[in-house]
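*Asks:* What follows is the file target_14.cif, containing mmCIF, C-alpha atoms:
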```cif
data_input
#
loop_
_atom_site.label_atom_id
_atom_site.label_comp_id
_atom_site.auth_asym_id
_atom_site.auth_seq_id
_atom_site.Cartn_x
_atom_site.Cartn_y
_atom_site.Cartn_z
CA MET A 1 0.00 0.00 0.00
CA PRO A 2 1.57 3.36 -0.99
CA ASP A 3 1.80 6.22 1.47
CA ALA A 4 -1.61 7.83 1.81
CA THR A 5 -0.49 11.13 0.33
CA GLN A 6 2.55 11.72 -1.85
CA THR A 7 3.89 14.77 -3.65
CA LEU A 8 3.84 13.84 -7.33
CA SER A 9 4.03 15.56 -10.66
CA TYR A 10 0.86 15.66 -12.74
CA ILE A 11 2.21 13.03 -15.16
CA GLN A 12 3.28 10.80 -12.25
CA ALA A 13 -0.25 11.08 -10.87
CA VAL A 14 -1.61 9.87 -14.22
CA GLN A 15 0.80 6.96 -14.13
CA HIS A 16 -0.32 6.04 -10.60
CA GLY A 17 -3.94 6.14 -11.76
CA LEU A 18 -3.21 3.76 -14.62
CA ARG A 19 -1.25 1.43 -12.34
CA TRP A 20 -4.14 1.48 -9.88
CA SER A 21 -6.52 0.37 -12.64
CA LEU A 22 -4.31 -2.55 -13.65
CA GLU A 23 -3.93 -3.73 -10.06
CA ALA A 24 -7.52 -3.20 -8.89
CA LEU A 25 -9.51 -4.14 -11.98
CA ASP A 26 -8.85 -7.33 -13.95
CA ASP A 27 -10.81 -6.08 -16.96
CA THR A 28 -8.72 -2.98 -17.77
CA VAL A 29 -6.37 -2.97 -20.75
CA ILE A 30 -4.26 -0.05 -21.99
CA PHE A 31 -3.29 0.50 -25.60
CA GLY A 32 -2.24 3.20 -28.02
CA GLU A 33 0.79 4.35 -29.97
CA ASP A 34 4.11 3.72 -28.15
CA VAL A 35 2.46 3.08 -24.78
CA ALA A 36 4.04 -0.35 -24.13
CA VAL A 37 7.86 -0.67 -24.01
CA PRO A 38 8.47 3.05 -24.80
CA GLY A 39 6.22 4.00 -21.87
CA GLY A 40 4.18 6.58 -23.73
CA PRO A 41 5.27 9.79 -25.44
CA PHE A 42 5.26 11.64 -22.10
CA GLY A 43 5.97 8.75 -19.74
CA ALA A 44 2.45 8.10 -18.49
CA THR A 45 2.76 4.34 -19.04
CA LYS A 46 6.39 3.98 -18.02
CA ASN A 47 7.17 0.45 -16.70
CA LEU A 48 3.55 -0.69 -16.92
CA HIS A 49 4.30 -3.09 -19.78
CA ARG A 50 7.22 -4.50 -17.79
CA ASP A 51 5.01 -5.14 -14.79
CA PHE A 52 1.76 -6.25 -16.45
CA GLY A 53 2.78 -7.71 -19.80
CA ASP A 54 1.49 -7.90 -23.35
CA SER A 55 -2.04 -8.95 -22.46
CA ARG A 56 -2.75 -5.79 -20.42
CA ILE A 57 -0.75 -3.08 -22.18
CA PHE A 58 0.23 -3.05 -25.82
CA ASP A 59 1.06 -0.84 -28.80
CA THR A 60 -1.22 -0.23 -31.76
CA PRO A 61 -0.56 0.80 -35.36
CA ILE A 62 -0.66 4.55 -36.06
CA SER A 63 -4.39 4.52 -36.78
CA GLU A 64 -6.58 6.36 -34.28
CA THR A 65 -9.71 5.25 -36.12
CA ALA A 66 -8.72 1.60 -35.88
CA PHE A 67 -7.83 1.52 -32.21
CA LEU A 68 -10.77 3.59 -31.04
CA GLY A 69 -12.99 1.16 -32.93
CA MET A 70 -11.13 -1.64 -31.19
CA ALA A 71 -11.72 0.07 -27.84
CA LEU A 72 -15.44 0.18 -28.52
CA GLY A 73 -15.57 -3.47 -29.49
CA ALA A 74 -13.59 -4.45 -26.40
CA ALA A 75 -15.85 -2.38 -24.15
CA MET A 76 -18.99 -3.90 -25.68
CA THR A 77 -17.69 -7.39 -24.99
CA GLY A 78 -16.66 -7.06 -21.36
CA LEU A 79 -13.39 -5.15 -21.01
CA ARG A 80 -12.65 -1.63 -19.74
CA PRO A 81 -10.15 -0.34 -22.31
CA ILE A 82 -8.05 2.77 -21.75
CA ALA A 83 -6.93 4.11 -25.13
CA GLU A 84 -4.32 6.84 -25.41
CA ILE A 85 -4.48 9.41 -28.20
CA MET A 86 -0.94 10.77 -28.34
CA TYR A 87 -1.97 14.37 -29.08
CA ALA A 88 -5.56 15.56 -28.81
CA ASP A 89 -5.24 16.98 -32.32
CA PHE A 90 -5.08 13.42 -33.65
CA MET A 91 -8.54 12.64 -32.28
CA PHE A 92 -10.04 14.44 -35.24
CA VAL A 93 -8.87 11.53 -37.40
CA ALA A 94 -11.18 9.25 -35.40
CA MET A 95 -14.19 11.50 -34.86
CA ASP A 96 -16.54 9.06 -36.56
CA GLN A 97 -15.64 6.35 -34.07
CA LEU A 98 -15.93 8.80 -31.20
CA VAL A 99 -19.02 10.83 -32.13
CA ASN A 100 -21.07 8.44 -34.24
CA GLN A 101 -20.18 5.10 -32.68
CA ILE A 102 -18.80 5.33 -29.12
CA ALA A 103 -21.06 8.14 -27.95
CA ASN A 104 -24.20 6.51 -29.39
CA THR A 105 -23.67 2.85 -28.54
CA HIS A 106 -25.83 2.78 -25.42
CA TYR A 107 -28.61 4.78 -27.06
CA VAL A 108 -28.86 2.96 -30.39
CA SER A 109 -28.65 -0.46 -28.77
CA ARG A 110 -31.53 0.43 -26.40
CA GLY A 111 -29.18 -0.13 -23.50
CA THR A 112 -28.17 -3.62 -24.60
CA TYR A 113 -24.55 -2.51 -24.92
CA GLY A 114 -22.51 0.06 -23.06
CA ALA A 115 -19.16 1.59 -23.86
CA PRO A 116 -17.25 1.69 -20.55
CA LEU A 117 -14.01 3.00 -21.99
CA VAL A 118 -11.58 5.84 -21.36
CA ILE A 119 -9.77 7.87 -23.95
CA ARG A 120 -6.77 9.61 -22.44
CA THR A 121 -5.15 12.44 -24.29
CA GLN A 122 -3.33 15.71 -23.65
CA GLN A 123 -4.02 19.07 -25.19
CA GLY A 124 -3.06 22.71 -25.37
CA TYR A 125 0.10 24.48 -26.31
CA SER A 126 3.69 23.78 -25.26
CA SER A 127 6.88 25.55 -26.17
CA GLY A 128 7.63 24.95 -29.85
CA SER A 129 4.46 22.95 -30.53
CA CYS A 130 2.88 23.83 -33.85
CA ALA A 131 -0.65 24.38 -35.10
CA GLN A 132 -1.24 20.64 -35.49
CA HIS A 133 -0.12 19.83 -31.92
CA SER A 134 -1.75 22.59 -29.90
CA HIS A 135 -5.52 22.30 -30.14
CA SER A 136 -7.72 22.44 -27.07
CA ILE A 137 -10.56 20.15 -28.04
CA GLU A 138 -12.89 20.38 -25.05
CA ALA A 139 -15.74 22.15 -26.86
CA TYR A 140 -15.86 19.47 -29.57
CA ILE A 141 -16.14 16.71 -26.97
CA ALA A 142 -18.53 18.47 -24.59
CA HIS A 143 -20.84 19.18 -27.54
CA THR A 144 -21.45 15.46 -28.10
CA PRO A 145 -24.22 13.78 -26.07
CA GLY A 146 -23.13 10.45 -24.64
CA LEU A 147 -19.56 11.46 -23.81
CA ARG A 148 -18.16 12.51 -20.45
CA LEU A 149 -15.26 14.96 -20.34
CA ALA A 150 -12.67 15.50 -17.61
CA VAL A 151 -10.22 18.44 -17.65
CA PRO A 152 -8.02 17.99 -14.55
CA SER A 153 -5.97 21.00 -13.47
CA THR A 154 -3.92 19.55 -10.58
CA ALA A 155 -1.92 16.41 -9.91
CA ASP A 156 -4.50 15.19 -7.40
CA ASP A 157 -7.33 15.73 -9.86
CA ALA A 158 -5.34 13.95 -12.57
CA TYR A 159 -5.30 10.87 -10.31
CA GLN A 160 -8.79 11.08 -8.82
CA MET A 161 -10.61 11.98 -12.04
CA LEU A 162 -8.82 9.31 -14.08
CA ARG A 163 -9.95 6.66 -11.60
CA ALA A 164 -13.50 8.00 -11.71
CA ALA A 165 -13.38 7.76 -15.51
CA ILE A 166 -12.05 4.20 -15.46
CA VAL A 167 -14.82 2.81 -13.24
CA SER A 168 -17.56 4.69 -15.11
CA ASP A 169 -19.95 2.74 -17.31
CA ASP A 170 -20.02 5.66 -19.76
CA PRO A 171 -17.35 6.57 -22.33
CA VAL A 172 -15.10 9.25 -20.87
CA VAL A 173 -12.52 11.50 -22.51
CA VAL A 174 -9.82 12.66 -20.09
CA ALA A 175 -8.15 15.72 -21.60
CA GLU A 176 -4.97 16.36 -19.64
CA ALA A 177 -2.93 19.55 -19.99
CA ARG A 178 0.53 18.96 -21.42
CA MET A 179 1.98 22.10 -19.86
CA LEU A 180 0.90 20.88 -16.42
CA TYR A 181 2.75 17.54 -16.61
CA PRO A 182 5.83 18.80 -14.67
CA THR A 183 3.80 20.63 -11.99
CA LYS A 184 3.66 18.97 -8.58
CA GLY A 185 1.14 18.65 -5.79
CA ASP A 186 -0.06 16.36 -3.04
CA VAL A 187 -1.93 13.34 -4.37
CA ARG A 188 -4.25 11.31 -2.12
CA LEU A 189 -3.42 7.82 -3.34
CA ASP A 190 -5.78 6.04 -0.95
CA ALA A 191 -8.80 8.32 -1.41
CA PRO A 192 -12.10 6.63 -2.27
CA VAL A 193 -12.92 6.61 -5.97
CA GLU A 194 -15.02 9.66 -6.77
CA PRO A 195 -18.22 9.70 -8.78
CA ILE A 196 -18.05 11.53 -12.10
CA GLY A 197 -18.86 15.24 -11.98
CA GLY A 198 -18.51 18.04 -9.51
CA GLY A 199 -16.59 21.30 -9.59
CA ARG A 200 -14.65 23.09 -6.86
CA ILE A 201 -14.26 26.60 -5.49
CA THR A 202 -10.48 26.98 -5.29
CA ARG A 203 -10.54 30.52 -3.90
CA GLU A 204 -13.40 32.30 -2.19
CA GLY A 205 -14.15 35.95 -2.94
CA ALA A 206 -16.94 38.48 -3.07
CA ASP A 207 -16.42 40.81 -6.04
CA VAL A 208 -16.13 38.70 -9.18
CA THR A 209 -16.22 35.02 -10.21
CA ILE A 210 -13.57 33.56 -12.50
CA VAL A 211 -14.43 30.17 -14.01
CA ALA A 212 -11.31 28.50 -15.38
CA TRP A 213 -10.13 24.95 -15.98
CA SER A 214 -7.07 22.97 -16.99
CA ARG A 215 -3.96 25.20 -17.30
CA MET A 216 -6.02 28.37 -16.90
CA ALA A 217 -7.20 27.32 -13.42
CA ALA A 218 -3.74 28.13 -12.05
CA ALA A 219 -3.61 31.31 -14.15
CA ALA A 220 -6.89 32.39 -12.56
CA LEU A 221 -5.48 31.90 -9.07
CA GLU A 222 -2.39 33.89 -10.03
CA ALA A 223 -4.60 36.67 -11.36
CA ALA A 224 -6.70 36.63 -8.20
CA GLU A 225 -3.61 37.19 -6.05
CA GLU A 226 -2.55 40.17 -8.16
CA LEU A 227 -6.05 41.66 -8.06
CA ALA A 228 -6.27 41.22 -4.30
CA ALA A 229 -3.46 43.74 -3.95
CA ASP A 230 -5.81 46.28 -5.54
CA GLY A 231 -8.68 45.36 -3.25
CA ILE A 232 -10.56 43.22 -5.77
CA ASP A 233 -11.79 40.06 -4.05
CA VAL A 234 -11.93 37.25 -6.62
CA GLU A 235 -13.68 33.88 -6.34
CA VAL A 236 -12.22 31.15 -8.55
CA VAL A 237 -14.29 28.17 -9.69
CA ASP A 238 -12.70 25.13 -11.34
CA PRO A 239 -15.51 23.07 -12.90
CA ARG A 240 -13.16 20.05 -13.31
CA TRP A 241 -15.71 18.24 -15.50
CA LEU A 242 -17.22 19.95 -18.54
CA ALA A 243 -19.59 17.03 -19.15
CA PRO A 244 -21.43 16.79 -16.87
CA LEU A 245 -20.98 20.46 -16.00
CA ASP A 246 -21.56 21.50 -12.38
CA PHE A 247 -23.42 24.64 -13.38
CA ASP A 248 -25.17 24.88 -10.00
CA LEU A 249 -21.77 25.65 -8.44
CA ILE A 250 -21.06 28.33 -11.04
CA ALA A 251 -24.51 29.89 -10.71
CA ALA A 252 -24.24 30.07 -6.92
CA SER A 253 -20.93 31.89 -7.24
CA VAL A 254 -22.26 34.32 -9.85
CA ARG A 255 -25.28 35.09 -7.69
CA LYS A 256 -22.87 35.82 -4.83
CA THR A 257 -20.44 38.09 -6.71
CA GLY A 258 -22.61 39.51 -9.52
CA ARG A 259 -19.78 39.38 -12.05
CA LEU A 260 -18.39 36.60 -14.24
CA VAL A 261 -15.16 36.10 -16.18
CA ILE A 262 -14.53 32.79 -17.99
CA ALA A 263 -10.99 31.81 -18.96
CA HIS A 264 -9.82 28.96 -21.19
CA GLU A 265 -6.89 28.23 -23.45
CA ALA A 266 -9.01 27.22 -26.46
CA ASN A 267 -9.93 29.64 -29.23
CA LEU A 268 -12.56 32.13 -28.17
CA THR A 269 -15.10 31.52 -30.94
CA GLY A 270 -17.21 28.49 -30.11
CA GLY A 271 -15.12 27.76 -27.03
CA PHE A 272 -16.79 26.16 -24.02
CA GLY A 273 -16.75 29.55 -22.31
CA ALA A 274 -19.53 30.60 -24.67
CA GLU A 275 -21.72 27.80 -23.29
CA ILE A 276 -21.12 28.90 -19.70
CA ALA A 277 -21.75 32.53 -20.61
CA ALA A 278 -25.03 31.65 -22.34
CA ARG A 279 -26.28 29.65 -19.37
CA ALA A 280 -25.26 32.40 -16.96
CA ALA A 281 -27.18 34.91 -19.07
CA GLU A 282 -30.24 32.65 -19.07
CA GLU A 283 -30.21 31.64 -15.42
CA CYS A 284 -28.42 34.46 -13.57
CA PHE A 285 -29.28 37.54 -15.62
CA SER A 286 -30.95 39.43 -12.78
CA ASP A 287 -27.91 38.81 -10.55
CA LEU A 288 -25.32 40.18 -13.00
CA ARG A 289 -24.02 43.69 -12.35
CA ALA A 290 -21.75 43.81 -15.42
CA PRO A 291 -21.43 42.12 -18.83
CA ILE A 292 -19.84 38.67 -18.83
CA ALA A 293 -16.22 38.61 -20.04
CA ARG A 294 -14.37 35.77 -21.72
CA VAL A 295 -10.64 35.10 -22.03
CA GLY A 296 -9.39 32.72 -24.73
CA ALA A 297 -6.91 32.40 -27.54
CA PRO A 298 -7.53 34.49 -30.65
CA ASP A 299 -8.96 32.67 -33.65
CA VAL A 300 -5.63 31.94 -35.29
CA PRO A 301 -3.56 28.75 -35.60
CA THR A 302 -1.08 28.35 -32.75
CA PRO A 303 2.38 29.44 -33.91
CA ALA A 304 5.45 27.36 -33.09
CA ALA A 305 7.76 30.32 -32.46
CA PRO A 306 7.92 31.06 -28.72
CA ALA A 307 7.80 34.82 -29.30
CA LEU A 308 4.60 34.48 -31.30
CA GLN A 309 3.13 31.96 -28.85
CA ALA A 310 3.55 34.51 -26.08
CA VAL A 311 1.29 36.86 -28.01
CA VAL A 312 -1.60 34.45 -28.60
CA ILE A 313 -1.64 32.12 -25.59
CA PRO A 314 -3.94 33.34 -22.78
CA SER A 315 -2.17 34.26 -19.56
CA ALA A 316 -2.85 35.44 -16.02
CA ALA A 317 -2.31 38.99 -17.27
CA ASP A 318 -5.19 38.54 -19.73
CA VAL A 319 -7.42 37.37 -16.89
CA VAL A 320 -6.44 40.38 -14.80
CA SER A 321 -7.37 42.72 -17.65
CA ALA A 322 -10.74 41.02 -18.11
CA VAL A 323 -11.54 41.28 -14.41
CA ARG A 324 -10.63 44.96 -14.35
CA ARG A 325 -13.06 45.55 -17.24
CA VAL A 326 -16.01 44.00 -15.40
CA VAL A 327 -15.39 45.65 -12.01
CA ARG A 328 -14.66 49.20 -13.14
#
```
Would you write the structure of this file as structure tokens?
*Replies:*
Amino acid sequence: MPDATQTLSYIQAVQHGLRWSLEALDDTVIFGEDVAVPGGPFGATKNLHRDFGDSRIFDTPISETAFLGMALGAAMTGLRPIAEIMYADFMFVAMDQLVNQIANTHYVSRGTYGAPLVIRTQQGYSSGSCAQHSHSIEAYIAHTPGLRLAVPSTADDAYQMLRAAIVSDDPVVVAEARMLYPTKGDVRLDAPVEPIGGGRITREGADVTIVAWSRMAAAALEAAEELAADGIDVEVVDPRWLAPLDFDLIAASVRKTGRLVIAHEANLTGGFGAEIAARAAEECFSDLRAPIARVGAPDVPTPAAPALQAVVIPSAADVVSAVRRVVR
């Protein structure tokens, strides 16, 4: 039994979650591109093939469509597959399997079959990553009925939410944040497995609500600290799951503060922030004392050059500016 709480990096927390699944559940299998002997492109599956062998963890050909179809077939016939998409951008190759097949299996079979599978991937920008390796895909996934979507922002959430996804009887996409992989935090390795869903207030405040997830959750906290020096008391909400979305938590915060800023790394147009803003306008309109503000990337491909990335990638400074606009 590991120590109850350990300080781990985000990627180590993912690895512990995968190891937990292989030890606790006989029906889990892990597959994807370079996940076996290489240990995954970012080390999430390091040493798992050594310890659990070919029957539990294995490599696939470079065909996202093929191995997501295989994941569905395995899930329909009694296994709990965990498939890794190396970069979230590559999921677009397999959108038919994901949107038309996996998401609809339970519905079109009248409940005869389920699809208890997990698709792990990582998204967002990183230094030097290009336009084809930098997408934030959460809005595409959350738009599709039948799919669950996790966007963990801390090492502990990376562990707890992955385990919740693995035991779920629904298909779940876990979209990790590549830039958070080196970040460290305390991880509760012996915590009970959580149910899917549920957000968290990570900082209480009275003047304005910031809703932010994944990498931008930490940026929101950084912005809140800077704004506190100017007497602006910020409440930060991390929804953690975008499907199902804990909108009750967001609405309660908006009704408390009267102002709302939503921050995400994805492009602004059609980003999931638009969905939260629309619901806040519908359900909290009489409580709002200022227009809702959104922070996101501009609608341009992500450049590879670090100097250009610094211009387009949302930051804590962008969140600070948005908050100042709504409280002035």
*Asks:* Going by the chain IDs and residue numbers used in this file, which residues fall under the PyMOL selection byres ((chain A and resi 187-203) around 6)? Write them as a list in words.
*Replies:*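 With the shown file as input, the PyMOL selection byres ((chain A and resi 187-203) around 6) matches Ala4, Thr5, Gln6, Asp156, Ala164, Asp186, Glu204, Glu235, Val236, Val237, Asp238, Pro239, Arg240, Trp241, Pro244 and Asp246 of chain A.
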*Asks:* Find the residue from A:Arg325, A:Leu260, A:Gln15, A:Ala88 that sits nearest to Arg279 of chain A; use only C-alpha atoms when measuring.
*Replies:*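 Selected residue with least distance to Arg279 of chain A: A:Leu260.
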*Asks:* List the neighbours of Gln12 of chain A out to 12 Å using only C-alpha atoms; skip same-chain residues closer than 2 positions along the sequence, and give me the result as a PyMOL selection string.
*Replies:* chain A and resi 6-10+14-19+42-47+154-159+180-187+189
*Asks:* Nearest to Val37 of chain A among A:Arg259, A:Arg289, A:Arg50, A:His135, with distances taken over all atoms listed in the file: which residue is it?
*Replies:*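 Between A:Arg259, A:Arg289, A:Arg50, A:His135, the residue approaching Val37 of chain A most closely is A:Arg50.
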*Asks:* Counting all atoms listed in the file, which residue out of A:Ala252, A:Ala297, A:Ile57, A:Val173 sits closest to Cys284 of chain A?
*Replies:* A:Ala252
*Asks:* With distances taken over only C-alpha atoms, which of A:Val208, A:Leu268, A:Leu98, A:Ile119 is nearest to Ala290 of chain A?
*Replies:*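 Checking each candidate against Ala290 of chain A, we get A:Val208 as the closest.
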*Asks:* Starting from the displayed file, determine the output of the PyMOL selection byres ((chain A and resi 25) around 12) and express the residue list as a list in words.
*Replies:*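 That expression, the PyMOL selection byres ((chain A and resi 25) around 12), corresponds here to Gly17, Leu18, Arg19, Trp20, Ser21, Leu22, Glu23, Ala24, Asp26, Asp27, Thr28, Val29, Arg56, Leu79, Arg80, Pro81, Arg163, Ile166 and Val167 of chain A.
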*Asks:* Write out as a list in words which residues come within 8 Å of Glu33 of chain A when counting all atoms listed in the file, dropping same-chain ones fewer than 3 positions away.
*Replies:*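 These residues fall inside the cut-off: Gly40, Asp59, Thr60, Pro61, Ile62, Glu84, Ile85 and Met86 of chain A.
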*Asks:* One decimal, Å: what's the distance from atom CA of Ala83 of chain A over to atom CA of Arg148 of chain A, could you say?
*Replies:*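 Between atom CA of Ala83 of chain A and atom CA of Arg148 of chain A the gap is 14.8 Å.
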*Asks:* Extract, using only C-alpha atoms, all DNA, RNA and protein residues at most 7 Å from Ala103 of chain A, discarding same-chain residues fewer than 5 positions from it, and format them as a list in words.
*Replies:*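 Listing them by chain and then by number gives Leu98, Pro145, Gly146, Leu147 and Pro171 of chain A.
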*Asks:* I need the residue nearest His106 of chain A from this list: A:Asp170, A:Ala310, A:Pro152, A:Val326. Use all atoms listed in the file for the distance.
*Replies:*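 Selected residue with least distance to His106 of chain A: A:Asp170.
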*Asks:* Mind pulling up the distance from atom CA of Leu117 of chain A to atom CA of Pro41 of chain A?
*Replies:* 20.7 Å
*Asks:* Using all atoms listed in the file, list the residues that have an atom at most 8 Å from (-20.9, 36.9, -6.5), coordinates as in the file, as a PyMOL selection string.
*Replies:* chain A and resi 205-209+235+252-259
*Asks:* So how many Å separate atom CA of Ser214 of chain A and atom CA of Pro291 of chain A, to one decimal?
*Replies:*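 Taking atom CA of Ser214 of chain A and atom CA of Pro291 of chain A, their separation equals 24.0 Å.
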*Asks:* For a quick check of understanding, using only C-alpha atoms, which of A:Ala142, A:Pro303, A:Gln309, A:Asp318 has the smallest distance to Cys130 of chain A?
*Replies:*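 Closest to Cys130 of chain A of all the choices is A:Pro303.
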*Asks:* Could you give me, as number ranges by chain, the residues that sit within 10 Å of (-6.8, 35.3, -11.8) in the file's coordinates, counting only C-alpha atoms?
*Replies:* A: 203, 209-212, 216-228, 234-236, 261, 263, 315-323
*Asks:* Which residues are close to Val93 of chain A, i.e. within 12 Å by only C-alpha atoms, leaving aside same-chain residues fewer than 4 positions away? Reply as a list in words.
*Replies:*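 Here the qualifying residues turn out to be Ile62, Ser63, Glu64, Thr65, Ala66, Phe67, Leu68, Ile85, Tyr87, Ala88, Asp89, Gln97, Leu98 and Val99 of chain A.
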*Asks:* Output segment 24-44 of chain A as a PDB file, in the coordinates of the input, making sure N, CA, C and O atoms are there.
*Replies:*
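Generated file (part-v1.pdb):
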```
ATOM      1  N   ALA A  24      -6.225  -3.055  -9.565  1.00  0.00           N
ATOM      2  CA  ALA A  24      -7.520  -3.200  -8.890  1.00  0.00           C
ATOM      3  C   ALA A  24      -8.587  -3.828  -9.765  1.00  0.00           C
ATOM      4  O   ALA A  24      -9.542  -4.419  -9.247  1.00  0.00           O
ATOM      5  N   LEU A  25      -8.437  -3.710 -11.072  1.00  0.00           N
ATOM      6  CA  LEU A  25      -9.510  -4.140 -11.980  1.00  0.00           C
ATOM      7  C   LEU A  25      -8.928  -5.096 -13.017  1.00  0.00           C
ATOM      8  O   LEU A  25      -8.081  -4.711 -13.818  1.00  0.00           O
ATOM      9  N   ASP A  26      -9.394  -6.329 -13.020  1.00  0.00           N
ATOM     10  CA  ASP A  26      -8.850  -7.330 -13.950  1.00  0.00           C
ATOM     11  C   ASP A  26      -9.256  -7.069 -15.397  1.00  0.00           C
ATOM     12  O   ASP A  26      -8.654  -7.625 -16.318  1.00  0.00           O
ATOM     13  N   ASP A  27     -10.296  -6.244 -15.595  1.00  0.00           N
ATOM     14  CA  ASP A  27     -10.810  -6.080 -16.960  1.00  0.00           C
ATOM     15  C   ASP A  27     -10.255  -4.847 -17.666  1.00  0.00           C
ATOM     16  O   ASP A  27     -10.697  -4.509 -18.758  1.00  0.00           O
ATOM     17  N   THR A  28      -9.293  -4.138 -17.083  1.00  0.00           N
ATOM     18  CA  THR A  28      -8.720  -2.980 -17.770  1.00  0.00           C
ATOM     19  C   THR A  28      -7.561  -3.410 -18.663  1.00  0.00           C
ATOM     20  O   THR A  28      -6.745  -4.255 -18.300  1.00  0.00           O
ATOM     21  N   VAL A  29      -7.504  -2.811 -19.835  1.00  0.00           N
ATOM     22  CA  VAL A  29      -6.370  -2.970 -20.750  1.00  0.00           C
ATOM     23  C   VAL A  29      -6.015  -1.572 -21.250  1.00  0.00           C
ATOM     24  O   VAL A  29      -6.876  -0.695 -21.338  1.00  0.00           O
ATOM     25  N   ILE A  30      -4.743  -1.363 -21.543  1.00  0.00           N
ATOM     26  CA  ILE A  30      -4.260  -0.050 -21.990  1.00  0.00           C
ATOM     27  C   ILE A  30      -3.584  -0.230 -23.343  1.00  0.00           C
ATOM     28  O   ILE A  30      -2.736  -1.116 -23.494  1.00  0.00           O
ATOM     29  N   PHE A  31      -3.962   0.583 -24.304  1.00  0.00           N
ATOM     30  CA  PHE A  31      -3.290   0.500 -25.600  1.00  0.00           C
ATOM     31  C   PHE A  31      -3.284   1.860 -26.286  1.00  0.00           C
ATOM     32  O   PHE A  31      -4.039   2.766 -25.929  1.00  0.00           O
ATOM     33  N   GLY A  32      -2.415   1.960 -27.262  1.00  0.00           N
ATOM     34  CA  GLY A  32      -2.240   3.200 -28.020  1.00  0.00           C
ATOM     35  C   GLY A  32      -0.884   3.158 -28.700  1.00  0.00           C
ATOM     36  O   GLY A  32      -0.201   2.122 -28.725  1.00  0.00           O
ATOM     37  N   GLU A  33      -0.475   4.289 -29.224  1.00  0.00           N
ATOM     38  CA  GLU A  33       0.790   4.350 -29.970  1.00  0.00           C
ATOM     39  C   GLU A  33       1.956   4.566 -28.998  1.00  0.00           C
ATOM     40  O   GLU A  33       1.964   5.551 -28.242  1.00  0.00           O
ATOM     41  N   ASP A  34       2.886   3.630 -28.971  1.00  0.00           N
ATOM     42  CA  ASP A  34       4.110   3.720 -28.150  1.00  0.00           C
ATOM     43  C   ASP A  34       3.836   3.719 -26.648  1.00  0.00           C
ATOM     44  O   ASP A  34       4.611   4.278 -25.872  1.00  0.00           O
ATOM     45  N   VAL A  35       2.759   3.089 -26.218  1.00  0.00           N
ATOM     46  CA  VAL A  35       2.460   3.080 -24.780  1.00  0.00           C
ATOM     47  C   VAL A  35       3.099   1.901 -24.060  1.00  0.00           C
ATOM     48  O   VAL A  35       3.199   1.915 -22.831  1.00  0.00           O
ATOM     49  N   ALA A  36       3.527   0.863 -24.780  1.00  0.00           N
ATOM     50  CA  ALA A  36       4.040  -0.350 -24.130  1.00  0.00           C
ATOM     51  C   ALA A  36       5.491  -0.159 -23.700  1.00  0.00           C
ATOM     52  O   ALA A  36       5.767   0.544 -22.727  1.00  0.00           O
ATOM     53  N   VAL A  37       6.441  -0.765 -24.413  1.00  0.00           N
ATOM     54  CA  VAL A  37       7.860  -0.670 -24.010  1.00  0.00           C
ATOM     55  C   VAL A  37       8.332   0.788 -23.944  1.00  0.00           C
ATOM     56  O   VAL A  37       9.030   1.171 -22.992  1.00  0.00           O
ATOM     57  N   PRO A  38       7.997   1.651 -24.907  1.00  0.00           N
ATOM     58  CA  PRO A  38       8.470   3.050 -24.800  1.00  0.00           C
ATOM     59  C   PRO A  38       7.910   3.788 -23.583  1.00  0.00           C
ATOM     60  O   PRO A  38       8.477   4.797 -23.155  1.00  0.00           O
ATOM     61  N   GLY A  39       6.783   3.353 -23.060  1.00  0.00           N
ATOM     62  CA  GLY A  39       6.220   4.000 -21.870  1.00  0.00           C
ATOM     63  C   GLY A  39       5.416   5.247 -22.148  1.00  0.00           C
ATOM     64  O   GLY A  39       5.148   6.045 -21.236  1.00  0.00           O
ATOM     65  N   GLY A  40       5.013   5.421 -23.402  1.00  0.00           N
ATOM     66  CA  GLY A  40       4.180   6.580 -23.730  1.00  0.00           C
ATOM     67  C   GLY A  40       5.022   7.778 -24.131  1.00  0.00           C
ATOM     68  O   GLY A  40       6.153   7.930 -23.668  1.00  0.00           O
ATOM     69  N   PRO A  41       4.487   8.640 -24.961  1.00  0.00           N
ATOM     70  CA  PRO A  41       5.270   9.790 -25.440  1.00  0.00           C
ATOM     71  C   PRO A  41       5.656  10.748 -24.323  1.00  0.00           C
ATOM     72  O   PRO A  41       6.641  11.482 -24.461  1.00  0.00           O
ATOM     73  N   PHE A  42       4.942  10.737 -23.212  1.00  0.00           N
ATOM     74  CA  PHE A  42       5.260  11.640 -22.100  1.00  0.00           C
ATOM     75  C   PHE A  42       5.521  10.883 -20.797  1.00  0.00           C
ATOM     76  O   PHE A  42       5.586  11.476 -19.733  1.00  0.00           O
ATOM     77  N   GLY A  43       5.613   9.563 -20.897  1.00  0.00           N
ATOM     78  CA  GLY A  43       5.970   8.750 -19.740  1.00  0.00           C
ATOM     79  C   GLY A  43       4.816   8.306 -18.871  1.00  0.00           C
ATOM     80  O   GLY A  43       5.038   7.751 -17.789  1.00  0.00           O
ATOM     81  N   ALA A  44       3.593   8.470 -19.333  1.00  0.00           N
ATOM     82  CA  ALA A  44       2.450   8.100 -18.490  1.00  0.00           C
ATOM     83  C   ALA A  44       2.371   6.602 -18.240  1.00  0.00           C
ATOM     84  O   ALA A  44       1.871   6.166 -17.199  1.00  0.00           O
TER      85      ALA A  44
END
```
